[in-house]
>>> print(open('input-v6.cif').read())   # mmCIF, C-alpha atoms
data_structure
loop_
_atom_site.label_atom_id
_atom_site.label_comp_id
_atom_site.auth_asym_id
_atom_site.auth_seq_id
_atom_site.Cartn_x
_atom_site.Cartn_y
_atom_site.Cartn_z
CA MET A 236 43.10 104.75 123.42
CA THR A 237 41.16 107.25 125.52
CA MET A 238 39.99 106.56 129.06
CA VAL A 239 36.31 107.28 129.59
CA ASP A 240 34.68 107.93 132.98
CA HIS A 241 31.34 106.40 133.88
CA ASP A 242 28.54 106.66 136.38
CA GLU A 243 29.79 104.79 139.46
CA THR A 244 26.49 102.90 139.85
CA THR A 245 27.54 100.71 136.95
CA GLU A 246 30.64 99.65 138.91
CA ALA A 247 32.56 100.23 135.68
CA LYS A 248 35.39 102.63 136.41
CA GLY A 249 37.02 102.67 133.00
CA THR A 250 36.67 101.72 129.34
CA PHE A 251 38.44 102.56 126.14
CA ASP A 252 37.64 103.79 122.67
CA LEU A 253 38.67 100.81 120.56
CA PRO A 254 38.52 100.53 116.77
CA TYR A 255 37.53 96.86 116.89
CA PRO A 256 34.38 95.19 118.28
CA VAL A 257 34.47 93.74 121.81
CA PHE A 258 32.66 90.49 122.61
CA ASP A 259 32.58 89.56 126.30
CA SER A 260 32.18 85.79 126.24
CA ASP A 261 31.83 85.40 130.02
CA SER A 262 29.38 87.59 131.92
CA HIS A 263 26.55 86.82 134.30
CA LEU A 264 23.16 87.75 135.65
CA TYR A 265 21.95 87.36 139.22
CA GLU A 266 18.71 85.40 139.45
CA PRO A 267 15.84 86.42 141.74
CA ARG A 268 13.97 83.69 143.61
CA GLU A 269 11.33 83.34 140.92
CA ALA A 270 13.96 82.30 138.38
CA LEU A 271 14.00 78.81 139.85
CA LEU A 272 10.52 78.71 141.37
CA LYS A 273 8.07 80.47 139.04
CA TYR A 274 7.73 77.64 136.54
CA LEU A 275 8.73 74.75 138.79
CA PRO A 276 5.99 72.06 138.81
CA LYS A 277 4.03 72.03 142.05
CA LYS A 278 5.14 68.51 142.92
CA TYR A 279 8.69 69.83 143.41
CA GLU A 280 7.80 72.82 145.60
CA ARG A 281 9.13 71.12 148.73
CA ALA A 282 12.24 69.84 146.99
CA LEU A 283 13.57 73.32 146.26
CA GLN A 284 13.13 76.01 148.89
CA TYR A 285 14.73 79.20 150.11
CA VAL A 286 15.10 78.84 153.87
CA ASP A 287 16.11 81.14 156.72
CA VAL A 288 18.91 79.43 158.64
CA GLY A 289 18.90 82.09 161.34
CA GLY A 290 19.31 85.83 161.64
CA GLY A 291 17.78 86.45 158.24
CA ARG A 292 20.46 84.41 156.48
CA ILE A 293 18.81 82.81 153.46
CA ARG A 294 20.11 79.60 151.92
CA LEU A 295 18.90 77.27 149.19
CA SER A 296 17.61 73.90 150.33
CA VAL A 297 17.58 71.07 147.81
CA ASN A 298 15.83 67.89 148.86
CA ASN A 299 16.12 68.98 152.51
CA HIS A 300 19.87 69.59 152.20
CA VAL A 301 20.93 73.18 152.76
CA THR A 302 23.77 74.28 150.49
CA ASN A 303 25.98 77.25 151.29
CA TYR A 304 28.12 77.08 148.14
CA ILE A 305 26.54 80.41 147.19
CA PRO A 306 26.04 82.11 150.58
CA ASN A 307 23.39 84.60 149.41
CA PRO A 308 21.21 82.90 146.77
CA THR A 309 18.64 85.70 146.66
CA PHE A 310 21.30 88.11 145.33
CA ASP A 311 19.45 91.08 146.84
CA ARG A 312 22.84 92.12 148.17
CA VAL A 313 25.94 91.05 146.29
CA ALA A 314 29.69 91.40 146.36
CA ARG A 315 31.11 94.36 144.48
CA PRO A 316 32.23 93.45 140.94
CA GLY A 317 35.95 92.82 140.89
CA ALA A 318 36.25 92.74 144.70
CA HIS A 319 38.57 89.72 144.57
CA GLU A 320 40.87 90.95 141.80
CA LEU A 321 43.97 91.20 143.99
CA TYR A 322 43.44 87.65 145.25
CA TYR A 323 43.26 86.17 141.77
CA ALA A 324 46.07 88.39 140.50
CA GLY A 325 48.32 86.88 143.18
CA LYS A 326 48.72 90.21 144.94
CA ASN A 327 47.10 89.38 148.27
CA THR A 328 50.03 90.85 150.19
CA GLU A 329 47.95 91.43 153.33
CA GLY A 330 46.81 87.80 153.49
CA LEU A 331 43.11 88.67 153.41
CA SER A 332 40.44 86.01 153.04
CA LEU A 333 37.95 86.29 150.20
CA ARG A 334 35.32 87.38 152.70
CA GLN A 335 37.59 90.13 153.97
CA MET A 336 38.31 91.28 150.43
CA THR A 337 34.61 91.32 149.66
CA GLY A 338 33.94 94.02 152.21
CA ASP A 339 30.43 95.39 152.55
CA PRO A 340 28.01 94.05 149.94
CA ILE A 341 26.14 96.34 147.60
CA ASP A 342 22.51 96.34 146.52
CA ALA A 343 21.95 94.46 143.29
CA ILE A 344 21.39 97.04 140.58
CA PRO A 345 18.87 96.54 137.74
CA ALA A 346 21.70 95.74 135.31
CA PHE A 347 22.35 92.56 137.25
CA ARG A 348 18.71 91.50 136.89
CA GLU A 349 17.32 92.70 133.55
CA PRO A 350 18.56 92.95 129.95
CA GLY A 351 17.55 96.57 129.27
CA PRO A 352 19.62 98.06 132.11
CA ARG A 353 22.44 95.59 131.33
CA LEU A 354 22.57 96.90 127.77
CA GLU A 355 22.90 100.44 129.10
CA VAL A 356 25.84 99.33 131.23
CA MET A 357 27.41 97.56 128.25
CA ASP A 358 27.17 100.84 126.33
CA GLN A 359 28.96 102.62 129.16
CA GLN A 360 31.56 99.86 129.29
CA HIS A 361 32.02 99.91 125.50
CA VAL A 362 31.16 96.23 125.15
CA ASP A 363 29.52 95.49 121.82
CA THR A 364 28.23 91.97 122.47
CA ALA A 365 28.06 89.58 125.42
CA LEU A 366 27.20 86.06 126.38
CA VAL A 367 25.36 86.20 129.72
CA TYR A 368 25.07 83.14 131.96
CA PRO A 369 22.96 82.51 135.05
CA THR A 370 24.76 82.34 138.40
CA LEU A 371 22.62 80.20 140.71
CA ALA A 372 22.50 77.42 138.12
CA ASN A 373 26.13 76.93 139.12
CA LEU A 374 25.05 74.78 142.06
CA VAL A 375 21.71 73.26 141.03
CA GLU A 376 22.89 70.12 139.26
CA GLN A 377 25.44 69.11 141.87
CA SER A 378 23.10 69.85 144.77
CA ALA A 379 20.35 67.69 143.22
CA VAL A 380 22.66 65.15 141.59
CA ASP A 381 20.88 62.15 143.16
CA ASP A 382 17.50 63.23 141.75
CA PRO A 383 17.69 63.45 137.93
CA ASP A 384 14.00 64.27 137.59
CA LEU A 385 14.42 67.27 139.88
CA VAL A 386 17.53 68.39 138.00
CA HIS A 387 15.69 68.51 134.68
CA ALA A 388 12.63 70.18 136.23
CA VAL A 389 14.65 72.97 137.87
CA ILE A 390 16.76 73.58 134.78
CA HIS A 391 13.68 73.82 132.59
CA SER A 392 12.07 76.21 135.07
CA LEU A 393 15.17 78.40 134.95
CA ASN A 394 15.26 78.36 131.16
CA GLN A 395 11.60 79.38 131.01
CA TRP A 396 12.35 82.34 133.27
CA ILE A 397 15.39 83.34 131.19
CA ASP A 398 13.30 83.23 128.02
CA GLU A 399 10.56 85.34 129.61
CA VAL A 400 12.72 88.00 131.27
CA TRP A 401 15.96 88.16 129.27
CA SER A 402 15.21 86.22 126.07
CA PHE A 403 17.99 84.20 124.49
CA ASP A 404 18.76 86.97 122.00
CA TYR A 405 18.26 90.51 123.26
CA LYS A 406 18.61 93.04 120.44
CA GLY A 407 21.37 91.03 118.80
CA ARG A 408 23.82 92.06 121.54
CA ILE A 409 23.02 90.04 124.66
CA PHE A 410 22.87 86.28 124.20
CA THR A 411 21.62 84.88 127.50
CA THR A 412 22.59 81.23 127.51
CA PRO A 413 20.25 78.43 128.62
CA VAL A 414 21.49 75.51 130.68
CA ILE A 415 21.18 71.93 129.43
CA ALA A 416 21.29 69.05 131.92
CA LEU A 417 22.37 65.68 130.54
CA ALA A 418 21.13 63.41 133.33
CA MET A 419 18.51 61.84 131.03
CA VAL A 420 19.23 61.89 127.32
CA ASP A 421 15.67 62.16 126.01
CA GLU A 422 14.95 65.07 128.34
CA ALA A 423 18.22 66.74 127.29
CA VAL A 424 17.24 66.51 123.61
CA ALA A 425 13.78 67.87 124.39
CA GLU A 426 15.25 70.79 126.35
CA LEU A 427 17.69 71.52 123.54
CA ASP A 428 14.86 71.62 121.01
CA TRP A 429 12.83 73.86 123.34
CA VAL A 430 15.58 76.49 123.68
CA LEU A 431 16.48 76.34 119.99
CA GLU A 432 12.87 77.02 119.04
CA ARG A 433 13.09 80.16 121.17
CA GLY A 434 16.24 81.47 119.56
CA ALA A 435 19.07 80.24 121.78
CA LYS A 436 22.44 81.08 120.24
CA ALA A 437 24.56 78.89 122.57
CA ILE A 438 24.01 76.32 125.30
CA LEU A 439 25.65 75.90 128.70
CA ILE A 440 26.80 72.54 130.13
CA ARG A 441 28.76 71.96 133.31
CA PRO A 442 32.10 70.08 133.32
CA ALA A 443 31.24 66.93 135.23
CA PRO A 444 30.36 63.28 134.81
CA VAL A 445 26.64 62.77 134.35
CA LYS A 446 24.57 61.06 137.01
CA GLY A 447 21.31 59.62 135.76
CA LEU A 448 19.07 56.74 136.70
CA ARG A 449 21.91 54.25 136.16
CA GLY A 450 24.62 56.01 138.07
CA TYR A 451 27.54 58.10 136.83
CA ARG A 452 28.88 57.99 133.29
CA SER A 453 30.81 60.09 130.81
CA PRO A 454 28.85 62.46 128.57
CA GLY A 455 31.22 61.32 125.82
CA LEU A 456 29.73 57.82 125.60
CA PRO A 457 27.66 56.82 122.56
CA GLU A 458 24.43 56.75 124.60
CA PHE A 459 24.54 60.56 124.48
CA ASP A 460 24.92 60.65 120.68
CA PRO A 461 21.28 61.61 120.00
CA PHE A 462 21.93 64.79 121.95
CA TRP A 463 25.29 65.58 120.37
CA LYS A 464 23.89 64.84 116.90
CA ARG A 465 21.17 67.41 117.47
CA VAL A 466 23.75 69.92 118.72
CA GLU A 467 25.85 69.48 115.60
CA GLU A 468 22.80 69.85 113.37
CA SER A 469 21.79 73.06 115.14
CA GLY A 470 25.20 74.71 114.78
CA VAL A 471 25.07 76.31 118.24
CA PRO A 472 28.31 76.28 120.26
CA VAL A 473 28.55 74.41 123.55
CA ILE A 474 29.84 76.46 126.47
CA ILE A 475 31.54 74.37 129.15
CA HIS A 476 31.53 76.74 132.11
CA ALA A 477 32.94 76.27 135.60
CA ALA A 478 30.38 75.08 138.14
CA MET A 479 30.12 73.57 141.60
CA GLN A 480 32.61 70.71 141.47
CA PRO A 481 31.72 67.09 142.19
CA LEU A 482 35.22 66.68 143.63
CA ILE A 483 34.32 68.84 146.62
CA ASP A 484 33.07 65.74 148.44
CA TYR A 485 36.37 63.95 147.74
CA VAL A 486 38.49 66.89 148.93
CA GLU A 487 36.53 67.00 152.17
CA GLN A 488 37.74 63.46 152.89
CA TRP A 489 41.20 65.04 153.24
CA GLU A 490 40.19 68.34 154.78
CA ASN A 491 36.79 68.47 156.43
CA ALA A 492 35.94 72.09 155.81
CA ARG A 493 33.37 73.92 157.89
CA THR A 494 31.66 75.04 154.70
CA ASN A 495 31.84 74.45 150.96
CA SER A 496 31.14 78.11 150.24
CA ALA A 497 32.83 79.47 147.13
CA PHE A 498 34.01 82.31 149.40
CA GLU A 499 35.93 79.95 151.69
CA ARG A 500 39.23 78.64 150.38
CA SER A 501 42.19 76.80 151.85
CA PRO A 502 45.56 76.24 150.18
CA PHE A 503 44.84 72.50 150.18
CA LYS A 504 41.48 72.93 148.46
CA TYR A 505 42.99 75.36 145.96
CA VAL A 506 45.80 72.97 145.01
CA THR A 507 43.76 69.76 145.08
CA LEU A 508 40.66 70.89 143.24
CA GLY A 509 42.61 72.92 140.71
CA HIS A 510 40.84 72.62 137.37
CA ARG A 511 40.50 68.86 137.30
CA ASP A 512 36.84 69.08 136.31
CA ILE A 513 37.50 70.86 133.01
CA GLU A 514 40.53 68.66 132.24
CA ASP A 515 38.40 65.55 132.66
CA MET A 516 35.49 66.99 130.67
CA VAL A 517 37.74 67.91 127.74
CA SER A 518 39.38 64.49 127.94
CA ALA A 519 36.04 62.67 128.00
CA LEU A 520 34.57 64.54 125.05
CA ILE A 521 37.72 63.96 122.99
CA LEU A 522 38.89 60.49 124.07
CA HIS A 523 35.40 59.02 124.29
CA GLY A 524 34.84 60.16 120.73
CA VAL A 525 32.20 62.90 120.72
CA CYS A 526 34.46 65.33 118.85
CA THR A 527 35.28 62.63 116.29
CA ARG A 528 31.72 61.40 115.76
CA PHE A 529 30.48 65.01 115.58
CA PRO A 530 33.45 67.05 114.33
CA GLY A 531 31.29 70.08 113.56
CA ILE A 532 30.52 70.87 117.20
CA ARG A 533 32.25 73.97 118.54
CA PHE A 534 33.15 73.70 122.24
CA ALA A 535 34.39 76.55 124.43
CA SER A 536 35.88 76.37 127.91
CA LEU A 537 34.78 79.41 129.92
CA GLU A 538 35.94 80.54 133.36
CA ASN A 539 38.12 77.47 133.74
CA GLY A 540 41.43 79.22 133.17
CA SER A 541 44.14 77.80 130.94
CA ASP A 542 47.12 76.78 133.09
CA TRP A 543 45.89 73.18 132.97
CA LEU A 544 46.04 73.01 129.19
CA VAL A 545 49.76 72.50 128.52
CA PRO A 546 50.04 69.51 130.92
CA LEU A 547 46.86 68.04 129.45
CA LEU A 548 48.13 68.33 125.88
CA HIS A 549 51.34 66.62 126.99
CA ARG A 550 49.34 63.78 128.46
CA PHE A 551 47.34 63.57 125.23
CA GLU A 552 50.60 63.21 123.31
CA SER A 553 51.80 60.53 125.69
CA ALA A 554 48.55 58.55 125.50
CA TYR A 555 48.50 58.69 121.72
CA SER A 556 52.14 57.60 121.43
CA LYS A 557 51.42 54.54 123.56
CA MET A 558 47.97 53.49 122.37
CA PRO A 559 47.06 55.22 119.09
CA GLN A 560 44.80 52.30 118.17
CA LEU A 561 42.53 53.19 121.11
CA CYS A 562 42.24 56.90 120.31
CA PRO A 563 39.51 57.97 117.85
CA GLU A 564 41.93 60.59 116.45
CA HIS A 565 45.05 62.33 117.68
CA PRO A 566 43.63 64.10 120.75
CA VAL A 567 45.83 67.18 120.41
CA GLU A 568 44.64 67.73 116.86
CA VAL A 569 41.05 67.26 117.96
CA PHE A 570 41.41 69.87 120.69
CA ARG A 571 42.86 72.35 118.24
CA ARG A 572 40.01 71.68 115.80
CA ASN A 573 37.00 71.68 118.11
CA TRP A 574 37.84 73.86 121.11
CA TRP A 575 38.04 77.55 122.02
CA ILE A 576 39.46 78.60 125.38
CA ASN A 577 39.01 81.56 127.70
CA PRO A 578 42.10 82.13 129.87
CA PHE A 579 41.64 83.87 133.18
CA TRP A 580 42.43 87.55 132.95
CA GLU A 581 45.45 86.96 135.22
CA GLY A 582 46.79 84.16 133.00
CA ASP A 583 49.68 84.41 130.54
CA VAL A 584 47.82 84.85 127.27
CA GLU A 585 50.94 85.19 125.13
CA VAL A 586 52.28 81.85 126.36
CA LEU A 587 48.89 80.26 125.71
CA SER A 588 48.93 81.59 122.15
CA THR A 589 52.13 79.63 121.48
CA VAL A 590 50.32 76.39 122.39
CA VAL A 591 46.98 76.90 120.67
CA ASP A 592 46.06 78.94 117.63
CA PRO A 593 45.49 82.57 118.73
CA SER A 594 42.21 82.45 116.80
CA ARG A 595 40.86 80.08 119.48
CA ILE A 596 41.50 82.33 122.51
CA ILE A 597 38.49 84.33 123.70
CA PHE A 598 38.01 87.18 126.16
CA GLY A 599 35.69 87.00 129.15
CA SER A 600 35.43 89.38 132.11
CA ASP A 601 33.16 87.41 134.48
CA TYR A 602 31.34 90.70 135.17
CA PRO A 603 29.70 91.37 137.63
CA HIS A 604 31.10 88.58 139.84
CA PRO A 605 33.62 89.51 142.54
CA GLU A 606 36.23 87.17 141.02
CA GLY A 607 35.86 88.95 137.70
CA LEU A 608 36.83 92.45 136.65
CA GLU A 609 35.25 95.66 137.85
CA ALA A 610 35.03 96.81 134.24
CA PRO A 611 35.36 94.31 131.35
CA LEU A 612 37.91 96.28 129.38
CA ASN A 613 40.26 96.32 132.34
CA TYR A 614 41.21 92.98 130.79
CA LEU A 615 43.46 94.96 128.47
CA ALA A 616 45.77 95.72 131.38
CA TYR A 617 46.49 92.00 131.65
CA LEU A 618 47.41 91.62 127.98
CA GLU A 619 50.78 93.28 128.41
CA GLY A 620 53.28 91.40 126.29
CA VAL A 621 50.68 90.02 123.90
CA ARG A 622 51.51 90.83 120.29
CA PRO A 623 49.27 93.71 119.12
CA GLU A 624 47.80 91.85 116.16
CA LYS A 625 46.39 89.18 118.49
CA ILE A 626 44.49 91.56 120.75
CA PRO A 627 41.54 92.36 118.42
CA MET A 628 41.17 88.62 117.82
CA ILE A 629 41.07 87.79 121.52
CA MET A 630 38.84 90.71 122.52
CA GLY A 631 36.15 90.10 119.92
CA ARG A 632 36.71 88.46 116.58
CA ASN A 633 37.32 84.95 117.91
CA SER A 634 34.07 84.96 119.90
CA TYR A 635 32.05 86.00 116.87
CA GLU A 636 33.62 83.08 114.99
CA LEU A 637 32.82 80.72 117.87
CA MET A 638 29.20 81.87 117.66
CA GLY A 639 29.12 81.52 113.89
CA MET A 640 28.20 85.19 113.54
CA PRO A 641 29.40 87.85 111.11
CA ILE A 642 32.29 89.86 112.49
CA PRO A 643 31.53 93.61 112.62
CA GLU A 644 34.15 95.70 110.90
CA ASN A 645 34.28 98.23 113.73
CA SER A 646 33.15 98.68 117.29
CA ARG A 647 29.85 100.50 117.63
CA PHE A 648 31.75 102.78 120.06
CA ALA A 649 34.72 103.61 117.82
CA THR A 650 35.19 107.36 117.56
CA GLY A 651 37.78 107.31 114.80
CA LYS A 652 40.10 109.47 116.91
#
>>> encode(input="input-v6.cif", output="structure tokens")
Amino acid sequence: MTMVDHDETTEAKGTFDLPYPVFDSDSHLYEPREALLKYLPKKYERALQYVDVGGGRIRLSVNNHVTNYIPNPTFDRVARPGAHELYYAGKNTEGLSLRQMTGDPIDAIPAFREPGPRLEVMDQQHVDTALVYPTLANLVEQSAVDDPDLVHAVIHSLNQWIDEVWSFDYKGRIFTTPVIALAMVDEAVAELDWVLERGAKAILIRPAPVKGLRGYRSPGLPEFDPFWKRVEESGVPVIIHAAMQPLIDYVEQWENARTNSAFERSPFKYVTLGHRDIEDMVSALILHGVCTRFPGIRFASLENGSDWLVPLLHRFESAYSKMPQLCPEHPVEVFRRNWWINPFWEGDVEVLSTVVDPSRIIFGSDYPHPEGLEAPLNYLAYLEGVRPEKIPMIMGRNSYELMGMPIPENSRFATGK
């Protein structure tokens, strides 16, 4: 493999000439203000506002509640891609906070905002194909959880903007992924049909119980079957991506934090929150029967890590051994049939591949977020110890299979050297 230098404005310091195609299953865009507001019905204009909380600090206000989960929701200035790598790699020897690691922000470059410049950066990074997710959508549903009508209105506004600016399929290489809110089933089905008509190749759902007009409930219950039936018929995969966690309110009963910013962490919050949201989402969709009633749906866990999986599979085994009559199918077998998983780049991928089929492990860089990698193919440095035959699967082939797409024989960047 040959190291290639790049223009520093891409924030991509290194890539490699690889003979196999690379599919980055976890990358992001940064939304401008109009992404949420341009198509939002006028009756909601006071419900969702960007407000100055002092000194030019802009925050998002949802139903008169200011959220600081994302401290700079305009994204005019952003953290440098990969700024938090040492923290997540467990190499924070100086004991720096995430804010200290972030350092001075940088101006958002066009590649963070538009598909054309992003494709140029992907060429420089030697990434053949990418799923691209919005960033601000991370907090919308939780911030407006008590107002299902507002949730659906904001999500539809965002999806309209994505379709207009990025499209859901940009030149067969960038698949920008629309969000689907499940608060009201009929509206969820309508939104799904709307994005499918416009070429969506995947859909994005947050790992959380659903709060609608009748309170909280599991998205695995039969009342959601009209939605899941339509998903199975469409053949698009369902991406379950990390988002603002409902458990934040519970954790603050133990430790009343000054802020719920994603840039502020405590050891207690880190240990307590963990990845409980994705564990519970996987459990609900399997044990409440969605994966059995609709076995053709392909689910993928993105940016949720994988260290939670082995304990969860053990608990699945235990539950099935004690009450098989109450399980739609053996839950471990269902997971292995219906789910793909994206381990964090700092996770032990070789160990994971002994628990699940290596064909279900997918690569994601989280570019250009600070908790991601400065350059997507730096992921290869964290695959030390992984058997060589698994690497092309993880870096590309498995994601094409998740998407139901033909697998290219070679990378478009292969030099043959």
>>> resolve_selection(input="input-v6.cif", expression="the PyMOL selection byres ((chain A and resi 558-574) around 9)", output="NGL selection string")
:A and (517-518 or 521-524 or 526-528 or 530-536 or 548-549 or 551-557 or 575-576 or 591-592 or 595)
>>> resolve_selection(input="input-v6.cif", expression="the PyMOL selection byres ((chain A and resi 618-625) around 10)", output="PyMOL selection string")
chain A and resi 580-586+588+593-594+596+613-617+626-630+632
>>> resolve_selection(input="input-v6.cif", expression="the PyMOL selection byres ((chain A and resi 313) around 8)", output="ChimeraX atom specification")
/A:307,310-312,314-315,340-343
>>> closest_residue(input="input-v6.cif", among="A:Glu467, A:Glu269, A:Asp382, A:Asp261", to="Val525 in chain A", atoms="all atoms listed in the file")
A:Glu467
>>> closest_residue(input="input-v6.cif", among="A:Leu272, A:Ala649, A:Leu439, A:Leu333", to="Ile475 in chain A", atoms="all atoms listed in the file")
A:Leu439
>>> closest_residue(input="input-v6.cif", among="A:Ser634, A:Ser646, A:Asn298, A:Thr328", to="Asp381 in chain A", atoms="all atoms listed in the file")
A:Asn298
>>> residues_around(input="input-v6.cif", residues="range 362-371 of chain A", least_positions_apart="6", cutoff="6 Å", atoms="all atoms listed in the file", output="ChimeraX atom specification")
/A:257-265,408-412
>>> atom_distance(input="input-v6.cif", atom1="CA of Leu587 in chain A", atom2="CA of Arg511 in chain A")
18.3 Å
>>> closest_residue(input="input-v6.cif", among="A:Leu354, A:Leu374, A:Ala270, A:Leu393", to="Ile483 in chain A", atoms="only C-alpha atoms")
A:Leu374
>>> residues_around(input="input-v6.cif", residues="Gly317 in chain A", least_positions_apart="6", cutoff="12 Å", atoms="only C-alpha atoms", output="count of residues only")
24
>>> closest_residue(input="input-v6.cif", among="A:Thr309, A:Val288, A:Glu329, A:Gly639", to="Gly470 in chain A", atoms="only C-alpha atoms")
A:Gly639
>>> atom_distance(input="input-v6.cif", atom1="CA of Phe529 in chain A", atom2="CA of Asn633 in chain A")
21.2 Å
>>> closest_residue(input="input-v6.cif", among="A:Asp484, A:Phe403, A:Leu456, A:Val420", to="Ala435 in chain A", atoms="all atoms listed in the file")
A:Phe403
>>> atom_distance(input="input-v6.cif", atom1="CA of Leu537 in chain A", atom2="CA of Ile474 in chain A")
6.7 Å
>>> axis_aligned_box(input="input-v6.cif", around="range 480-493 of chain A", padding_each_side="5 Å", output="AutoDock Vina command-line options")
--center_x 36.5 --center_y 68.7 --center_z 149.7 --size_x 19.5 --size_y 20.5 --size_z 26.4
>>> residues_near_point(input="input-v6.cif", point="(15.8, 75.5, 149.1)", cutoff="12 Å", atoms="all atoms listed in the file", output="PyMOL selection string")
chain A and resi 268+271-272+279-288+293-303+305+307-309+371+374-375+378-379+389
>>> decode(input="input-v6.cif", residues="range 340-369 of chain A", atoms="C-alpha atoms", output="compact mmCIF listing (two decimals), in the first residue's frame")
# COMPACT_ATOMS: atom_id res chain seq x y z
CA PRO A 340 -12.49 25.34 15.72
CA ILE A 341 -12.13 25.54 11.97
CA ASP A 342 -14.38 27.09 9.36
CA ALA A 343 -16.78 24.59 7.84
CA ILE A 344 -15.50 23.78 4.37
CA PRO A 345 -17.84 23.22 1.38
CA ALA A 346 -17.31 19.45 1.62
CA PHE A 347 -19.15 19.48 4.93
CA ARG A 348 -22.13 21.23 3.33
CA GLU A 349 -22.54 20.09 -0.28
CA PRO A 350 -22.27 16.81 -2.22
CA GLY A 351 -20.05 18.04 -5.07
CA PRO A 352 -17.19 19.18 -2.83
CA ARG A 353 -17.70 16.10 -0.63
CA LEU A 354 -17.21 13.86 -3.66
CA GLU A 355 -13.94 15.65 -4.41
CA VAL A 356 -12.78 14.96 -0.86
CA MET A 357 -13.83 11.32 -1.15
CA ASP A 358 -11.68 11.08 -4.28
CA GLN A 359 -8.73 12.47 -2.35
CA GLN A 360 -9.45 10.09 0.52
CA HIS A 361 -9.81 7.11 -1.85
CA VAL A 362 -13.33 6.33 -0.62
CA ASP A 363 -15.44 4.79 -3.37
CA THR A 364 -18.89 5.03 -1.77
CA ALA A 365 -20.38 6.53 1.38
CA LEU A 366 -23.53 6.73 3.41
CA VAL A 367 -23.88 10.32 4.65
CA TYR A 368 -26.11 11.20 7.61
CA PRO A 369 -27.27 14.56 8.94
